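Okay, target10.cif now, which holds mmCIF, C-alpha atoms:
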```cif
data_entry
#
loop_
_atom_site.label_atom_id
_atom_site.label_comp_id
_atom_site.auth_asym_id
_atom_site.auth_seq_id
_atom_site.Cartn_x
_atom_site.Cartn_y
_atom_site.Cartn_z
CA MET A 1 66.12 105.27 88.47
CA ARG A 2 67.84 104.94 91.83
CA ARG A 3 69.11 101.57 92.97
CA PRO A 4 66.25 99.37 94.16
CA VAL A 5 65.22 99.08 97.80
CA ILE A 6 64.62 95.67 99.37
CA LEU A 7 62.64 95.56 102.62
CA LEU A 8 63.36 92.53 104.80
CA PRO A 9 62.22 91.39 108.23
CA PRO A 10 64.80 90.97 110.99
CA SER A 11 65.78 87.58 112.34
CA LYS A 12 65.53 86.09 115.79
CA GLY A 13 69.00 84.69 115.18
CA LYS A 14 71.68 87.30 115.75
CA ALA A 15 75.43 87.14 116.03
CA ALA A 16 76.62 87.61 119.60
CA GLY A 17 78.99 90.28 120.85
CA GLY A 18 80.47 92.93 118.62
CA SER A 19 83.42 95.29 118.57
CA GLY A 20 81.52 98.49 117.77
CA ARG A 21 80.68 101.33 120.12
CA ALA A 22 78.03 100.88 122.80
CA TYR A 23 74.59 101.18 121.23
CA SER A 24 73.56 104.31 123.14
CA ARG A 25 76.69 106.08 121.92
CA THR A 26 75.83 105.45 118.25
CA LEU A 27 72.38 107.00 118.26
CA ALA A 28 73.29 110.63 117.62
CA ARG A 29 74.75 109.73 114.23
CA GLN A 30 71.85 107.56 113.11
CA PRO A 31 68.67 108.40 111.24
CA LEU A 32 65.56 108.05 113.39
CA ALA A 33 67.77 108.91 116.36
CA ALA A 34 65.01 110.42 118.51
CA PRO A 35 62.49 107.55 118.23
CA ARG A 36 65.29 105.00 118.58
CA ARG A 37 66.26 106.59 121.87
CA GLU A 38 62.64 106.49 123.01
CA VAL A 39 62.43 102.78 122.26
CA LEU A 40 65.78 102.13 123.93
CA GLU A 41 64.68 103.85 127.14
CA ALA A 42 61.32 102.06 127.10
CA ALA A 43 62.99 98.70 126.45
CA ILE A 44 65.38 99.19 129.36
CA ALA A 45 62.49 100.20 131.61
CA SER A 46 60.55 97.11 130.55
CA ALA A 47 63.28 94.91 132.02
CA ALA A 48 61.65 95.64 135.38
CA GLU A 49 58.58 93.62 134.29
CA ARG A 50 57.96 91.10 137.08
CA ASP A 51 55.95 88.61 135.05
CA ASP A 52 58.34 86.30 133.21
CA ALA A 53 55.60 85.19 130.79
CA VAL A 54 54.88 88.79 129.74
CA LEU A 55 58.57 89.55 129.33
CA ALA A 56 59.13 86.37 127.31
CA ARG A 57 56.33 87.25 124.87
CA ARG A 58 57.70 90.77 124.52
CA CYS A 59 61.10 89.39 123.59
CA GLY A 60 59.92 86.40 121.57
CA VAL A 61 61.60 83.79 123.76
CA ALA A 62 60.52 80.79 125.79
CA GLU A 63 59.55 81.61 129.39
CA ARG A 64 62.54 79.61 130.63
CA ASP A 65 64.78 82.16 128.87
CA ALA A 66 63.12 85.20 130.46
CA THR A 67 66.06 85.84 132.80
CA ASP A 68 68.51 86.13 129.89
CA ALA A 69 66.05 88.32 127.95
CA ARG A 70 65.63 90.57 130.98
CA ARG A 71 69.38 91.00 131.28
CA MET A 72 69.70 91.75 127.57
CA LEU A 73 67.06 94.49 127.81
CA ARG A 74 68.61 95.98 130.93
CA ASP A 75 72.07 96.14 129.30
CA LEU A 76 71.01 97.42 125.86
CA ALA A 77 72.46 100.92 126.26
CA ASP A 78 75.97 99.56 126.82
CA ALA A 79 75.70 96.60 124.44
CA PRO A 80 78.46 96.50 121.77
CA THR A 81 77.35 96.85 118.17
CA MET A 82 78.19 95.44 114.76
CA PRO A 83 76.87 96.32 111.28
CA ALA A 84 73.37 95.07 110.57
CA HIS A 85 74.46 92.85 107.68
CA LEU A 86 76.68 90.91 110.12
CA ARG A 87 74.34 91.00 113.12
CA TYR A 88 71.29 89.34 111.55
CA THR A 89 72.00 85.66 110.92
CA GLY A 90 68.59 84.17 110.17
CA ILE A 91 67.49 82.01 107.24
CA VAL A 92 66.50 84.96 105.04
CA HIS A 93 69.73 86.83 105.65
CA GLY A 94 71.94 83.76 105.28
CA ASN A 95 70.39 82.74 101.97
CA ALA A 96 70.66 86.33 100.75
CA GLY A 97 74.39 86.28 101.54
CA LEU A 98 74.16 89.60 103.34
CA ALA A 99 77.21 88.93 105.52
CA ALA A 100 79.35 88.97 102.36
CA VAL A 101 77.78 92.16 100.98
CA ASP A 102 79.77 95.39 101.09
CA PRO A 103 77.11 97.94 102.11
CA ASP A 104 79.06 100.76 100.43
CA ASP A 105 79.09 98.88 97.14
CA ALA A 106 75.76 97.05 97.17
CA SER A 107 73.66 97.27 94.02
CA ALA A 108 70.46 97.48 96.10
CA ASP A 109 69.60 99.33 99.28
CA VAL A 110 68.58 96.58 101.69
CA ARG A 111 66.62 97.80 104.72
CA ILE A 112 65.62 95.67 107.68
CA VAL A 113 62.50 96.44 109.70
CA SER A 114 63.40 96.24 113.39
CA ALA A 115 61.41 96.58 116.61
CA LEU A 116 64.37 98.33 118.22
CA LEU A 117 65.62 100.55 115.40
CA GLY A 118 62.69 100.96 113.01
CA LEU A 119 64.27 100.90 109.55
CA VAL A 120 67.90 99.75 109.44
CA ALA A 121 70.51 100.02 106.66
CA LEU A 122 73.08 97.24 106.27
CA ASP A 123 75.95 99.37 107.56
CA GLU A 124 74.19 100.72 110.65
CA PRO A 125 75.41 99.61 114.11
CA VAL A 126 73.07 97.14 115.79
CA PRO A 127 73.36 95.54 119.24
CA ALA A 128 72.34 91.99 120.02
CA TYR A 129 68.73 92.27 121.17
CA ARG A 130 65.48 90.37 121.52
CA LEU A 131 62.31 92.40 120.97
CA GLU A 132 59.20 91.55 118.98
CA PHE A 133 57.75 93.99 116.44
CA THR A 134 54.30 93.16 117.79
CA ALA A 135 55.34 93.94 121.38
CA THR A 136 53.95 96.70 123.57
CA LEU A 137 56.37 98.73 125.70
CA PRO A 138 55.45 100.81 128.73
CA GLY A 139 55.24 104.49 127.87
CA ILE A 140 55.13 104.14 124.08
CA GLY A 141 52.57 101.41 123.42
CA GLY A 142 52.63 99.04 120.46
CA LEU A 143 55.92 99.12 118.56
CA ALA A 144 54.33 98.54 115.15
CA THR A 145 52.13 101.62 115.58
CA PHE A 146 54.97 103.61 117.12
CA TRP A 147 57.26 103.01 114.14
CA ARG A 148 54.54 103.42 111.51
CA ASP A 149 53.93 106.92 112.82
CA ARG A 150 57.63 107.84 112.71
CA VAL A 151 59.21 106.32 109.58
CA CYS A 152 57.21 108.07 106.86
CA GLU A 153 59.84 110.71 106.11
CA GLU A 154 62.67 108.16 106.21
CA LEU A 155 60.81 105.75 103.92
CA LEU A 156 60.17 108.55 101.43
CA HIS A 157 63.83 109.53 101.56
CA VAL A 158 64.99 105.94 101.05
CA ALA A 159 62.41 104.77 98.51
CA GLY A 160 61.36 107.83 96.54
CA GLY A 161 62.20 107.29 92.86
CA ALA A 162 63.29 103.69 93.45
CA ARG A 163 61.67 100.31 92.87
CA VAL A 164 60.80 98.87 96.27
CA TRP A 165 60.69 95.11 96.77
CA ASP A 166 58.51 94.46 99.81
CA LEU A 167 59.43 91.07 101.31
CA LEU A 168 57.93 91.82 104.71
CA PRO A 169 55.59 89.39 106.49
CA ALA A 170 52.27 90.81 107.66
CA GLU A 171 53.46 91.78 111.14
CA HIS A 172 56.39 93.83 109.82
CA ALA A 173 54.41 95.26 106.89
CA ARG A 174 52.52 97.24 109.53
CA ILE A 175 55.43 99.70 109.42
CA TRP A 176 53.96 101.18 106.22
CA PRO A 177 52.20 104.50 106.95
CA ASP A 178 48.68 104.71 105.52
CA GLY A 179 48.70 105.55 101.80
CA LEU A 180 52.48 105.68 101.39
CA ARG A 181 52.71 102.49 99.32
CA ASP A 182 50.45 104.12 96.72
CA GLU A 183 52.97 106.96 96.29
CA LEU A 184 55.88 104.63 95.54
CA ASP A 185 56.82 101.96 93.01
CA VAL A 186 56.28 98.98 95.32
CA VAL A 187 56.53 95.35 94.22
CA GLY A 188 54.84 93.27 96.87
CA VAL A 189 55.79 89.59 96.98
CA ARG A 190 53.44 86.90 98.32
CA PHE A 191 54.54 83.32 98.99
CA VAL A 192 51.69 80.81 98.77
CA ARG A 193 50.89 77.14 98.25
CA SER A 194 49.06 75.91 95.20
CA ASP A 195 45.75 76.22 97.10
CA GLY A 196 46.43 79.90 97.72
CA ARG A 197 47.16 79.59 101.42
CA ALA A 198 50.42 80.88 102.92
CA ALA A 199 53.43 78.75 102.07
CA ASN A 200 55.47 76.94 104.71
CA ALA A 201 57.29 79.56 106.80
CA ALA A 202 60.75 78.00 106.68
CA ARG A 203 60.51 77.39 102.92
CA THR A 204 59.32 80.97 102.43
CA LYS A 205 62.30 82.34 104.35
CA VAL A 206 64.71 80.45 102.10
CA ALA A 207 62.92 81.76 98.99
CA LYS A 208 62.99 85.34 100.32
CA GLY A 209 66.71 85.08 100.91
CA LEU A 210 67.40 83.63 97.47
CA LEU A 211 65.22 86.27 95.81
CA THR A 212 67.14 88.98 97.67
CA ALA A 213 70.42 87.51 96.41
CA HIS A 214 68.99 87.45 92.87
CA LEU A 215 67.89 91.09 93.12
CA LEU A 216 71.32 92.12 94.41
CA ALA A 217 72.88 90.35 91.42
CA THR A 218 70.33 91.77 88.93
CA PRO A 219 69.29 95.15 90.37
CA ARG A 220 67.39 96.22 87.24
CA SER A 221 64.98 93.29 87.60
CA THR A 222 61.25 93.87 87.35
CA ALA A 223 58.47 91.57 88.52
CA SER A 224 58.05 90.29 84.97
CA ALA A 225 61.79 89.63 84.69
CA VAL A 226 61.70 87.55 87.86
CA VAL A 227 58.72 85.58 86.52
CA ARG A 228 60.67 84.84 83.33
CA ALA A 229 63.79 83.87 85.28
CA VAL A 230 61.82 81.47 87.49
CA ALA A 231 60.13 79.87 84.45
CA ALA A 232 63.43 79.53 82.60
CA ALA A 233 65.07 77.90 85.60
CA ARG A 234 62.23 75.37 85.97
CA THR A 235 62.53 74.46 82.29
CA LYS A 236 66.22 73.72 82.82
CA GLY A 237 65.68 71.95 86.13
CA ALA A 238 67.68 74.65 87.91
CA PRO A 239 66.82 76.24 91.30
CA GLY A 240 66.24 79.74 89.90
CA PRO A 241 65.69 82.97 91.86
CA LEU A 242 63.40 81.33 94.45
CA GLY A 243 64.94 77.90 94.82
CA PRO A 244 63.51 74.56 93.66
CA GLY A 245 59.79 73.90 93.54
CA TRP A 246 58.55 77.45 93.01
CA GLU A 247 56.56 79.07 90.23
CA ALA A 248 55.99 82.81 89.88
CA ALA A 249 53.33 85.04 88.35
CA GLN A 250 52.42 88.72 88.41
CA ASP A 251 49.31 90.15 89.99
CA ALA A 252 48.05 93.63 90.79
CA GLY A 253 50.23 93.78 93.91
CA GLY A 254 53.44 92.68 92.22
CA LEU A 255 54.61 89.07 92.41
CA VAL A 256 53.04 85.81 93.58
CA ALA A 257 55.45 82.97 94.31
CA THR A 258 53.68 79.60 94.47
CA TYR A 259 55.29 76.49 95.88
CA VAL A 260 54.29 73.48 93.78
CA GLY A 261 56.94 71.02 94.96
CA GLU A 262 59.72 69.32 93.08
#
```

Would you give me this structure, written as structure tokens?
Amino acid sequence: MRRPVILLPPSKGKAAGGSGRAYSRTLARQPLAAPRREVLEAAIASAAERDDAVLARRCGVAERDATDARRMLRDLADAPTMPAHLRYTGIVHGNAGLAAVDPDDASADVRIVSALLGLVALDEPVPAYRLEFTATLPGIGGLATFWRDRVCEELLHVAGGARVWDLLPAEHARIWPDGLRDELDVVGVRFVRSDGRAANAARTKVAKGLLTAHLLATPRSTASAVVRAVAAARTKGAPGPLGPGWEAAQDAGGLVATYVGE
């Protein structure tokens, strides 16, 4: 079996700057180059949006920050880049320790679902940007639909013959083309409270990051192996693969992580 694939959402938090080539100059060497260029051009064009409230929603920022978001969109083509594992600095990525991972040597193929780039490997050049996966851009429409219709071949190339750990929230899970999950070995992971409702978002992000770190350390893990590791850690009073306060069980979709408190 190939090394496992771990699908993660992006983060709003991103490292600033970068010493890599301007984003537009990296596209020819990247997978998904053509759709990425389409999104880049549409994003730049959207900087002309006159309504600050619309622009702020598109970029996932407060309306008071619309001027900065507008400038970031306008300057995307010339924005310096850095590898994805250094660019994304959110709770998930920090707890996964991705900044310390050598992409050439990683035991799992971590891919980040991005509104700007679609599906991103850890070593790919990424500019600082603000763009929501649920956004609509002039000329191409909704980004979730746009990417779903264009990543099928890349997802098959990346995930065919591998175990796929799907840690995507609902909005980013829309990148899956219809029926493709059924063709692959996908372990979906749900994070819930003891009443079955969605777990606290911040707590879930920490658990996703820690689970990613665990899977990088134990790439041959299965859903049942994670369940056993979580149970063993709770018996010992240790944090385990999800952090303190979590239990885990298998279901038809893969893995259910339930927060039950300390």

Quiz item: If the PyMOL selection byres ((chain A and resi 22) around 9) is run on the structure shown, which residues does it catch, given as a PyMOL selection string?
Solution: chain A and resi 19-21+23-26+76-81+127

How would the residues just chosen look if you wrote them out with C-alpha atoms as a PDB file, in the frame of the given file?
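This is the output file result.pdb:
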```
ATOM      1  CA  SER A  19      83.420  95.290 118.570  1.00  0.00           C
ATOM      2  CA  GLY A  20      81.520  98.490 117.770  1.00  0.00           C
ATOM      3  CA  ARG A  21      80.680 101.330 120.120  1.00  0.00           C
ATOM      4  CA  TYR A  23      74.590 101.180 121.230  1.00  0.00           C
ATOM      5  CA  SER A  24      73.560 104.310 123.140  1.00  0.00           C
ATOM      6  CA  ARG A  25      76.690 106.080 121.920  1.00  0.00           C
ATOM      7  CA  THR A  26      75.830 105.450 118.250  1.00  0.00           C
ATOM      8  CA  LEU A  76      71.010  97.420 125.860  1.00  0.00           C
ATOM      9  CA  ALA A  77      72.460 100.920 126.260  1.00  0.00           C
ATOM     10  CA  ASP A  78      75.970  99.560 126.820  1.00  0.00           C
ATOM     11  CA  ALA A  79      75.700  96.600 124.440  1.00  0.00           C
ATOM     12  CA  PRO A  80      78.460  96.500 121.770  1.00  0.00           C
ATOM     13  CA  THR A  81      77.350  96.850 118.170  1.00  0.00           C
ATOM     14  CA  PRO A 127      73.360  95.540 119.240  1.00  0.00           C
TER      15      PRO A 127
END
```

Quiz prompt | Selection result for the PyMOL selection byres ((chain A and resi 166) around 8) on this file, as a ChimeraX atom specification | solution = /A:6-8,164-165,167-168,186-189

Selected residues written out, C-alpha atoms, as a PDB file, in the frame of the given file:
```pdb
ATOM      1  CA  ILE A   6      64.620  95.670  99.370  1.00  0.00           C
ATOM      2  CA  LEU A   7      62.640  95.560 102.620  1.00  0.00           C
ATOM      3  CA  LEU A   8      63.360  92.530 104.800  1.00  0.00           C
ATOM      4  CA  VAL A 164      60.800  98.870  96.270  1.00  0.00           C
ATOM      5  CA  TRP A 165      60.690  95.110  96.770  1.00  0.00           C
ATOM      6  CA  LEU A 167      59.430  91.070 101.310  1.00  0.00           C
ATOM      7  CA  LEU A 168      57.930  91.820 104.710  1.00  0.00           C
ATOM      8  CA  VAL A 186      56.280  98.980  95.320  1.00  0.00           C
ATOM      9  CA  VAL A 187      56.530  95.350  94.220  1.00  0.00           C
ATOM     10  CA  GLY A 188      54.840  93.270  96.870  1.00  0.00           C
ATOM     11  CA  VAL A 189      55.790  89.590  96.980  1.00  0.00           C
TER      12      VAL A 189
END
```

Practice problem: Find, counting only C-alpha atoms, the residue in A:Val206, A:Asp178, A:Arg111, A:Gly240 that gets nearest to Ala159 (chain A). | Solution: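 Among the listed residues, the smallest separation from Ala159 (chain A) belongs to A:Arg111.
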
Practice problem: Might you pull out every residue within 12 Å of Ala199 (chain A), with all atoms listed in the file counted and same-chain residues fewer than 2 positions away left off, and present them as JSON, numbers by chain? | Solution: {"A": [169, 190, 191, 192, 193, 194, 195, 196, 197, 201, 202, 203, 204, 205, 206, 207, 208, 245, 246, 256, 257, 258, 259, 260, 261]}

Exercise. Carefully work through the PyMOL selection byres ((chain A and resi 41) around 10) for this structure and note down the residues it includes, as a ChimeraX atom specification.
Key: /A:24,35-40,42-46,73-74,76-77,137-139

Just-selected residues, C-alpha atoms written as a PDB file, in the coordinates of the input:
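So the final result, stored in out_6.pdb, reads:
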```pdb
ATOM      1  CA  SER A  24      73.560 104.310 123.140  1.00  0.00           C
ATOM      2  CA  PRO A  35      62.490 107.550 118.230  1.00  0.00           C
ATOM      3  CA  ARG A  36      65.290 105.000 118.580  1.00  0.00           C
ATOM      4  CA  ARG A  37      66.260 106.590 121.870  1.00  0.00           C
ATOM      5  CA  GLU A  38      62.640 106.490 123.010  1.00  0.00           C
ATOM      6  CA  VAL A  39      62.430 102.780 122.260  1.00  0.00           C
ATOM      7  CA  LEU A  40      65.780 102.130 123.930  1.00  0.00           C
ATOM      8  CA  ALA A  42      61.320 102.060 127.100  1.00  0.00           C
ATOM      9  CA  ALA A  43      62.990  98.700 126.450  1.00  0.00           C
ATOM     10  CA  ILE A  44      65.380  99.190 129.360  1.00  0.00           C
ATOM     11  CA  ALA A  45      62.490 100.200 131.610  1.00  0.00           C
ATOM     12  CA  SER A  46      60.550  97.110 130.550  1.00  0.00           C
ATOM     13  CA  LEU A  73      67.060  94.490 127.810  1.00  0.00           C
ATOM     14  CA  ARG A  74      68.610  95.980 130.930  1.00  0.00           C
ATOM     15  CA  LEU A  76      71.010  97.420 125.860  1.00  0.00           C
ATOM     16  CA  ALA A  77      72.460 100.920 126.260  1.00  0.00           C
ATOM     17  CA  LEU A 137      56.370  98.730 125.700  1.00  0.00           C
ATOM     18  CA  PRO A 138      55.450 100.810 128.730  1.00  0.00           C
ATOM     19  CA  GLY A 139      55.240 104.490 127.870  1.00  0.00           C
TER      20      GLY A 139
END
```

Self-check item: Straight-line distance linking CA of Ala248 (chain A) with CA of Arg228 (chain A), stated in Å to one decimal
Solution: 8.3 Å

Quiz item: Hey, can you check how far CA of Asp123 (chain A) sits from CA of Ala213 (chain A)?
Solution: 17.2 Å

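Using only C-alpha atoms, the shortest contact distance between Ala249 (chain A) and any of A:Gly60, A:Cys152, A:Ala229, A:Gly118 is found at A:Ala229.
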
Quiz item: Which of these residues is nearest to Tyr88 (chain A), using all atoms listed in the file: A:Arg130, A:Arg220, A:Arg163, A:Arg2?
Solution: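 Closest residue, counting all atoms listed in the file: A:Arg130.
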
Self-check item: Nearby residues (all atoms listed in the file) at most 7 Å from Ala115 (chain A), same-chain spacing under 4 positions excluded, as a ChimeraX atom specification
Solution: /A:131-133,143

Quiz item: Do you know which residues are at most 12 Å from Pro31 (chain A) counting only C-alpha atoms, after dropping those on the same chain fewer than 6 positions away, and could you put them as a list of chain:residue names?
Solution: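 Selected residues are A:Arg37, A:Leu117, A:Gly118, A:Leu119, A:Val120, A:Ala121, A:Glu124, A:Pro125, A:Arg150, A:Val151, A:Glu153, A:Glu154, A:Leu155, A:His157, A:Val158.
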
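Restricting the calculation to all atoms listed in the file, the smallest distance between Arg148 (chain A) and any of A:Pro219, A:Gly161, A:Pro4, A:Gly179 is found for A:Gly179.
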
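The residue set within 6 Å of Leu122 (chain A), counting all atoms listed in the file and dropping same-chain residues fewer than 2 places from it, reads Ala84, His85, Pro103 and Glu124 of chain A.
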
Quiz item: What is the distance between CA of Ile175 (chain A) and CA of Asp104 (chain A), in Å to one decimal?
Solution: 25.3 Å

Practice problem: Could you tell me which of A:Met72, A:Ala173, A:Leu156, A:Ala96 comes closest to Leu211 (chain A) if we count all atoms listed in the file? | Solution: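 Among the listed residues, A:Ala96 lies closest to Leu211 (chain A).
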
Quiz item: Taking (70.0, 88.7, 106.8) in the file's coordinates, which residues come within 10 Å, counting all atoms listed in the file, written as a PyMOL selection string?
Solution: chain A and resi 8-11+13-14+84-99+110-112+122+209+212
